[in-house]
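For reference, the structure is listed below as structure tokens.
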Amino acid sequence: MIDTITEYLHILVPLGVASILAFYFLIPKRVGKDAPPIVKSTSSIPIIGTALEFGASPMNMVRRCYEQYGPVYTVPILNNRMTFLIGPEAQEPFFKLNDDVLSPQEVYSFMKPVFGPGVVYDATKKNRQVQFQSMANGLRSSRLRCYVGKIEKETVAFLKGWGNEGTIDIFDALSELTILTASRCLHGDDVRETLFREVSELYADLDHGVTPLSVFFPNAPTQAHFKRNRARKEMVKLFSKIIAARRANKGKSDGTDILSIFLDIRYKDGTLITDEEVTGLLIALLFAGQHTSCITSTWTSLFIMNNPHVLEKVMKEQSDILDDKPFGYDSVNEMKYLHDCMREALRLCPPLCLLMRHVKKDVKLTANHTTYVIPKGDTVLVSPTVSMRLDSTFPDADTFIPERYGPGREEHKQPYAYMAFGGGVHSCMGQAFGFLQVKTILSVILRQYEFKMVADKMPICDFEAMVVGPKGDCTVTYKKRTD
Ligand code: HEM
């Protein structure tokens, strides 16, 4: 309780002061004549009204401003000018421009206490390139081939505890299963089999250490931050032991996990990566892929079980493909309709609702026949949640229609329109892994069980969470298939 009050005070006091300063000193100074329009809040409270409106319902505000001001507009929040680009045309520069113009480093720097020093956005440009290249190597298709069998095995073992029928919270169950599969593929058999409980407990403390407060004050003295810092240090100790054992050839690993790539990283000047940095990279991947994947598998399964005609098509595809082919990388890749169900669940409920960059040089863009110049120093944002629900881009945008990606429609191919995985230079590195992981899990589960949602309506998106998951009743009943 005290922690919660401290969190609010930490937000509200500086928020008020910073907004007053911003209003009087920052905003009028920097804008040129082509700067985007500055939005007015619907709240009657002066100066901090926009921050309060945004805090209360961020996506409603983004949508309202789009309808009122058009595709490009600026919301003054705290001491920041937040400039939104909504719709494919306005979003183009966000995905096209490189880090020298639109940089992710400054806006995601609040993750440094989680990943540790020298990792990803805290690394030098040269070291970051090497780290990203190693991540990409670990997630390329030759590696993914080995992962399908591992994910299938984990899922089958997990389902053994379910019995013939029962009731579960599907979101909780898929969260548990996702971290088991991620640990097997990212960390390796040794970690998964001997240290999984310790790793997942420490991960939970790291995860709870990233709150809305952390974005503004990553080192505020709260209980959650203390636990986060302790957990990262413990995680480094744990992985240092594994790394030492692997280096002495005593670790149990088949060499296909991503840890085995990270521990061999050498930077361009010849230095070997430190154990702390290896651990930080593993944490970064778990952060990028854990919530996103389990949220996606939850929404996809809920949409499928709530649409009988979709379920029928999914099951037909399963039997058509698996009747004459063993389950594996190739057959999962052939499951196009399941792929489109996942893609559509992501369009309606993307786990990342806002993507951000810091503007390092003025950016000129044209949208809706108007030219804008976004001034250096702004934070620029795009919103997968709002943009992917525009009827002008995805007709009947609020309805779950996997067929929109099929032959004759292919709506995801419109430039800069489909953005659940971002796009351009920083598009998701784990996209192929995420598809494979979620599809493998759902294929195994749906072939074994029939499901029914207990509540009579779908959950809604939880915009209070850092990664947007379902809010509401996710309880389902399941029964073993007999067919
Ligand atoms: C269905 C699940 C997933 C979704 C919806 C998703 C979404 C995204 C999005 C929107 C971005 C762009 C962020 C930005 O532009 O600021 C991103 C980046 C990234 N994702 Fe994913 N992701 C998923 C799964 C994964 C998985 C499983 C991994 C790794 C195992 C992963 C690793 C990454 C990495 C490393 C980046 C940073 C790329 C860069 O900055 O260059 N993601 N993801």
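Following the order of the structure tokens, first chain is A, next is B, and so on, with residues numbered from 1 inside each chain and ligands from 1 in the order they appear.
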
* Report as an NGL selection string: the residues of stretch 60-128 of chain A with a DSSP assignment of strand (DSSP E or B), based on the backbone of this structure. => :A and (72-77 or 80-85 or 102-103)

Save out the residues we just selected, N, CA and C atoms, as a PDB file, in the first residue's frame.
ATOM      1  N   VAL A  72      -1.356  13.448 -37.870  1.00  0.00           N
ATOM      2  CA  VAL A  72      -0.132  13.862 -37.168  1.00  0.00           C
ATOM      3  C   VAL A  72      -0.499  14.949 -36.153  1.00  0.00           C
ATOM      4  N   TYR A  73      -0.173  14.737 -34.886  1.00  0.00           N
ATOM      5  CA  TYR A  73      -0.500  15.737 -33.862  1.00  0.00           C
ATOM      6  C   TYR A  73       0.425  15.565 -32.661  1.00  0.00           C
ATOM      7  N   THR A  74       0.499  16.606 -31.863  1.00  0.00           N
ATOM      8  CA  THR A  74       1.408  16.577 -30.715  1.00  0.00           C
ATOM      9  C   THR A  74       0.640  16.706 -29.404  1.00  0.00           C
ATOM     10  N   VAL A  75       0.946  15.802 -28.487  1.00  0.00           N
ATOM     11  CA  VAL A  75       0.342  15.860 -27.149  1.00  0.00           C
ATOM     12  C   VAL A  75       1.433  16.266 -26.161  1.00  0.00           C
ATOM     13  N   PRO A  76       1.269  17.416 -25.486  1.00  0.00           N
ATOM     14  CA  PRO A  76       2.275  17.768 -24.477  1.00  0.00           C
ATOM     15  C   PRO A  76       2.029  16.979 -23.196  1.00  0.00           C
ATOM     16  N   ILE A  77       3.007  16.149 -22.826  1.00  0.00           N
ATOM     17  CA  ILE A  77       2.883  15.346 -21.598  1.00  0.00           C
ATOM     18  C   ILE A  77       4.186  15.450 -20.818  1.00  0.00           C
ATOM     19  N   ASN A  80       7.609  16.659 -22.083  1.00  0.00           N
ATOM     20  CA  ASN A  80       7.857  16.072 -23.388  1.00  0.00           C
ATOM     21  C   ASN A  80       6.793  16.474 -24.394  1.00  0.00           C
ATOM     22  N   ARG A  81       7.221  16.637 -25.647  1.00  0.00           N
ATOM     23  CA  ARG A  81       6.229  16.779 -26.722  1.00  0.00           C
ATOM     24  C   ARG A  81       6.109  15.400 -27.360  1.00  0.00           C
ATOM     25  N   MET A  82       4.943  14.789 -27.237  1.00  0.00           N
ATOM     26  CA  MET A  82       4.735  13.451 -27.802  1.00  0.00           C
ATOM     27  C   MET A  82       3.989  13.618 -29.118  1.00  0.00           C
ATOM     28  N   THR A  83       4.689  13.340 -30.230  1.00  0.00           N
ATOM     29  CA  THR A  83       4.060  13.521 -31.535  1.00  0.00           C
ATOM     30  C   THR A  83       3.639  12.171 -32.100  1.00  0.00           C
ATOM     31  N   PHE A  84       2.350  12.056 -32.391  1.00  0.00           N
ATOM     32  CA  PHE A  84       1.782  10.787 -32.856  1.00  0.00           C
ATOM     33  C   PHE A  84       1.658  10.778 -34.374  1.00  0.00           C
ATOM     34  N   LEU A  85       1.984   9.617 -34.968  1.00  0.00           N
ATOM     35  CA  LEU A  85       1.804   9.406 -36.404  1.00  0.00           C
ATOM     36  C   LEU A  85       0.828   8.249 -36.547  1.00  0.00           C
ATOM     37  N   LEU A 102      15.781   8.922 -35.958  1.00  0.00           N
ATOM     38  CA  LEU A 102      14.788   8.493 -34.960  1.00  0.00           C
ATOM     39  C   LEU A 102      15.410   7.373 -34.136  1.00  0.00           C
ATOM     40  N   SER A 103      15.703   7.673 -32.890  1.00  0.00           N
ATOM     41  CA  SER A 103      16.504   6.726 -32.105  1.00  0.00           C
ATOM     42  C   SER A 103      15.698   6.060 -30.984  1.00  0.00           C
TER      43      SER A 103
END

* To do: Within 6 Å of ligand 1, which residues show up when you count only C-alpha atoms and all ligand atoms? List them as an MDAnalysis selection string, please.
  => chainID A and resid 285 288:289 292:293 296 351:352 355:356 420:422 426:431 433:434

Take the residues from that selection and put them in a file with C-alpha atoms, as a compact mmCIF listing (two decimals), in the first residue's frame.
# COMPACT_ATOMS: atom_id res chain seq x y z
CA LEU A 285 15.13 -11.81 -25.17
CA ALA A 288 10.87 -9.28 -25.71
CA GLY A 289 9.30 -12.69 -26.22
CA THR A 292 4.15 -10.98 -26.27
CA SER A 293 3.96 -14.69 -27.14
CA THR A 296 -0.81 -13.77 -28.53
CA PRO A 351 0.67 -6.60 -27.11
CA LEU A 352 2.72 -3.47 -27.84
CA LEU A 355 6.21 2.23 -30.21
CA MET A 356 8.46 5.20 -29.53
CA ALA A 420 2.05 -5.86 -34.82
CA PHE A 421 5.77 -6.67 -35.17
CA GLY A 422 6.82 -3.08 -35.85
CA HIS A 426 13.80 -2.32 -35.75
CA SER A 427 11.14 -4.80 -36.79
CA CYS A 428 10.77 -7.73 -34.42
CA MET A 429 13.70 -10.14 -34.56
CA GLY A 430 11.66 -12.87 -32.94
CA GLN A 431 8.74 -12.75 -35.37
CA PHE A 433 10.19 -17.68 -33.60
CA GLY A 434 6.98 -16.19 -32.15

Could you find all residues in stretch 153-205 of chain A that DSSP calls alpha helix (DSSP H) from the backbone, and write them as a tab-separated table (two decimals) with N, CA and C atoms, in the first residue's frame?
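Written file, part13.tsv:
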chain	number	residue	atom	x	y	z
A	153	LYS	N	7.53	-31.06	-27.44
A	153	LYS	CA	7.77	-31.95	-26.29
A	153	LYS	C	7.33	-31.30	-24.98
A	154	GLU	N	7.67	-30.02	-24.82
A	154	GLU	CA	7.27	-29.30	-23.60
A	154	GLU	C	5.75	-29.25	-23.49
A	155	THR	N	5.09	-28.99	-24.63
A	155	THR	CA	3.63	-28.84	-24.60
A	155	THR	C	2.96	-30.17	-24.25
A	156	VAL	N	3.43	-31.25	-24.87
A	156	VAL	CA	2.85	-32.57	-24.60
A	156	VAL	C	3.02	-32.90	-23.11
A	157	ALA	N	4.22	-32.65	-22.57
A	157	ALA	CA	4.47	-32.95	-21.15
A	157	ALA	C	3.57	-32.09	-20.26
A	158	PHE	N	3.40	-30.84	-20.63
A	158	PHE	CA	2.57	-29.91	-19.85
A	158	PHE	C	1.11	-30.39	-19.81
A	159	LEU	N	0.63	-30.89	-20.95
A	159	LEU	CA	-0.77	-31.30	-21.03
A	159	LEU	C	-1.04	-32.59	-20.24
A	170	ILE	N	-6.99	-19.86	-19.18
A	170	ILE	CA	-6.14	-20.16	-20.34
A	170	ILE	C	-4.94	-19.19	-20.42
A	171	PHE	N	-5.12	-17.97	-19.94
A	171	PHE	CA	-4.01	-17.00	-19.96
A	171	PHE	C	-2.91	-17.46	-19.00
A	172	ASP	N	-3.30	-17.87	-17.78
A	172	ASP	CA	-2.30	-18.35	-16.81
A	172	ASP	C	-1.59	-19.59	-17.34
A	173	ALA	N	-2.38	-20.51	-17.89
A	173	ALA	CA	-1.79	-21.78	-18.37
A	173	ALA	C	-0.80	-21.51	-19.50
A	174	LEU	N	-1.19	-20.64	-20.44
A	174	LEU	CA	-0.29	-20.39	-21.58
A	174	LEU	C	0.93	-19.57	-21.17
A	175	SER	N	0.80	-18.75	-20.12
A	175	SER	CA	1.98	-18.01	-19.63
A	175	SER	C	3.01	-19.00	-19.10
A	176	GLU	N	2.52	-19.97	-18.32
A	176	GLU	CA	3.41	-20.98	-17.75
A	176	GLU	C	4.10	-21.79	-18.86
A	177	LEU	N	3.28	-22.22	-19.81
A	177	LEU	CA	3.84	-23.06	-20.89
A	177	LEU	C	4.83	-22.26	-21.75
A	178	THR	N	4.53	-21.00	-22.01
A	178	THR	CA	5.41	-20.19	-22.87
A	178	THR	C	6.79	-20.05	-22.26
A	179	ILE	N	6.86	-19.83	-20.95
A	179	ILE	CA	8.18	-19.64	-20.34
A	179	ILE	C	8.95	-20.97	-20.31
A	180	LEU	N	8.23	-22.08	-20.19
A	180	LEU	CA	8.91	-23.39	-20.25
A	180	LEU	C	9.53	-23.60	-21.62
A	181	THR	N	8.77	-23.28	-22.67
A	181	THR	CA	9.28	-23.49	-24.04
A	181	THR	C	10.41	-22.49	-24.33
A	182	ALA	N	10.25	-21.24	-23.85
A	182	ALA	CA	11.29	-20.24	-24.11
A	182	ALA	C	12.58	-20.64	-23.42
A	189	ASP	N	19.00	-27.06	-22.35
A	189	ASP	CA	18.48	-28.17	-21.54
A	189	ASP	C	18.97	-28.09	-20.09
A	190	ASP	N	20.25	-27.69	-19.89
A	190	ASP	CA	20.78	-27.65	-18.52
A	190	ASP	C	19.99	-26.70	-17.63
A	191	VAL	N	19.73	-25.49	-18.13
A	191	VAL	CA	18.98	-24.50	-17.35
A	191	VAL	C	17.54	-24.97	-17.18
A	192	ARG	N	16.94	-25.42	-18.26
A	192	ARG	CA	15.53	-25.84	-18.21
A	192	ARG	C	15.34	-26.99	-17.20
A	193	GLU	N	16.27	-27.92	-17.19
A	193	GLU	CA	16.05	-29.11	-16.36
A	193	GLU	C	16.51	-28.96	-14.91
A	194	THR	N	17.49	-28.08	-14.66
A	194	THR	CA	17.97	-28.02	-13.28
A	194	THR	C	17.69	-26.68	-12.59
A	196	PHE	N	15.20	-24.23	-13.70
A	196	PHE	CA	14.04	-23.51	-14.22
A	196	PHE	C	13.29	-22.72	-13.14
A	197	ARG	N	13.09	-23.36	-11.96
A	197	ARG	CA	12.31	-22.68	-10.92
A	197	ARG	C	13.00	-21.38	-10.48
A	198	GLU	N	14.30	-21.45	-10.24
A	198	GLU	CA	15.05	-20.26	-9.80
A	198	GLU	C	14.98	-19.16	-10.86
A	199	VAL	N	15.22	-19.57	-12.12
A	199	VAL	CA	15.22	-18.57	-13.21
A	199	VAL	C	13.84	-17.92	-13.33
A	200	SER	N	12.77	-18.73	-13.26
A	200	SER	CA	11.45	-18.11	-13.46
A	200	SER	C	11.07	-17.23	-12.28
A	201	GLU	N	11.52	-17.57	-11.06
A	201	GLU	CA	11.22	-16.69	-9.92
A	201	GLU	C	11.96	-15.36	-10.05
A	202	LEU	N	13.22	-15.44	-10.45
A	202	LEU	CA	13.98	-14.18	-10.62
A	202	LEU	C	13.39	-13.35	-11.76
A	203	TYR	N	12.99	-14.05	-12.83
A	203	TYR	CA	12.37	-13.34	-13.95
A	203	TYR	C	11.11	-12.59	-13.49
A	204	ALA	N	10.34	-13.25	-12.62
A	204	ALA	CA	9.10	-12.60	-12.13
A	204	ALA	C	9.44	-11.31	-11.38
A	205	ASP	N	10.51	-11.33	-10.57
A	205	ASP	CA	10.90	-10.11	-9.85
A	205	ASP	C	11.38	-9.02	-10.81

* **Near-stretch 384-394 of chain A list (9 Å; only C-alpha atoms; drop same-chain fewer than 5 positions) as a PyMOL selection string** => chain A and resi 59-60+62-63+86-88+347-355+404+411-412+414+417-422

* Proximity to A:Gly469 - best of A:Ser331, A:Gln91, A:Thr298, A:Thr167, only C-alpha atoms ->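 That would be A:Thr298, the residue with the smallest distance to A:Gly469.
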
* To do: For atom CA of A:Tyr69 and atom CA of A:Asn368, quote the distance in Å rounded to one decimal.
  =>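 Distance between the two atoms: 11.3 Å.
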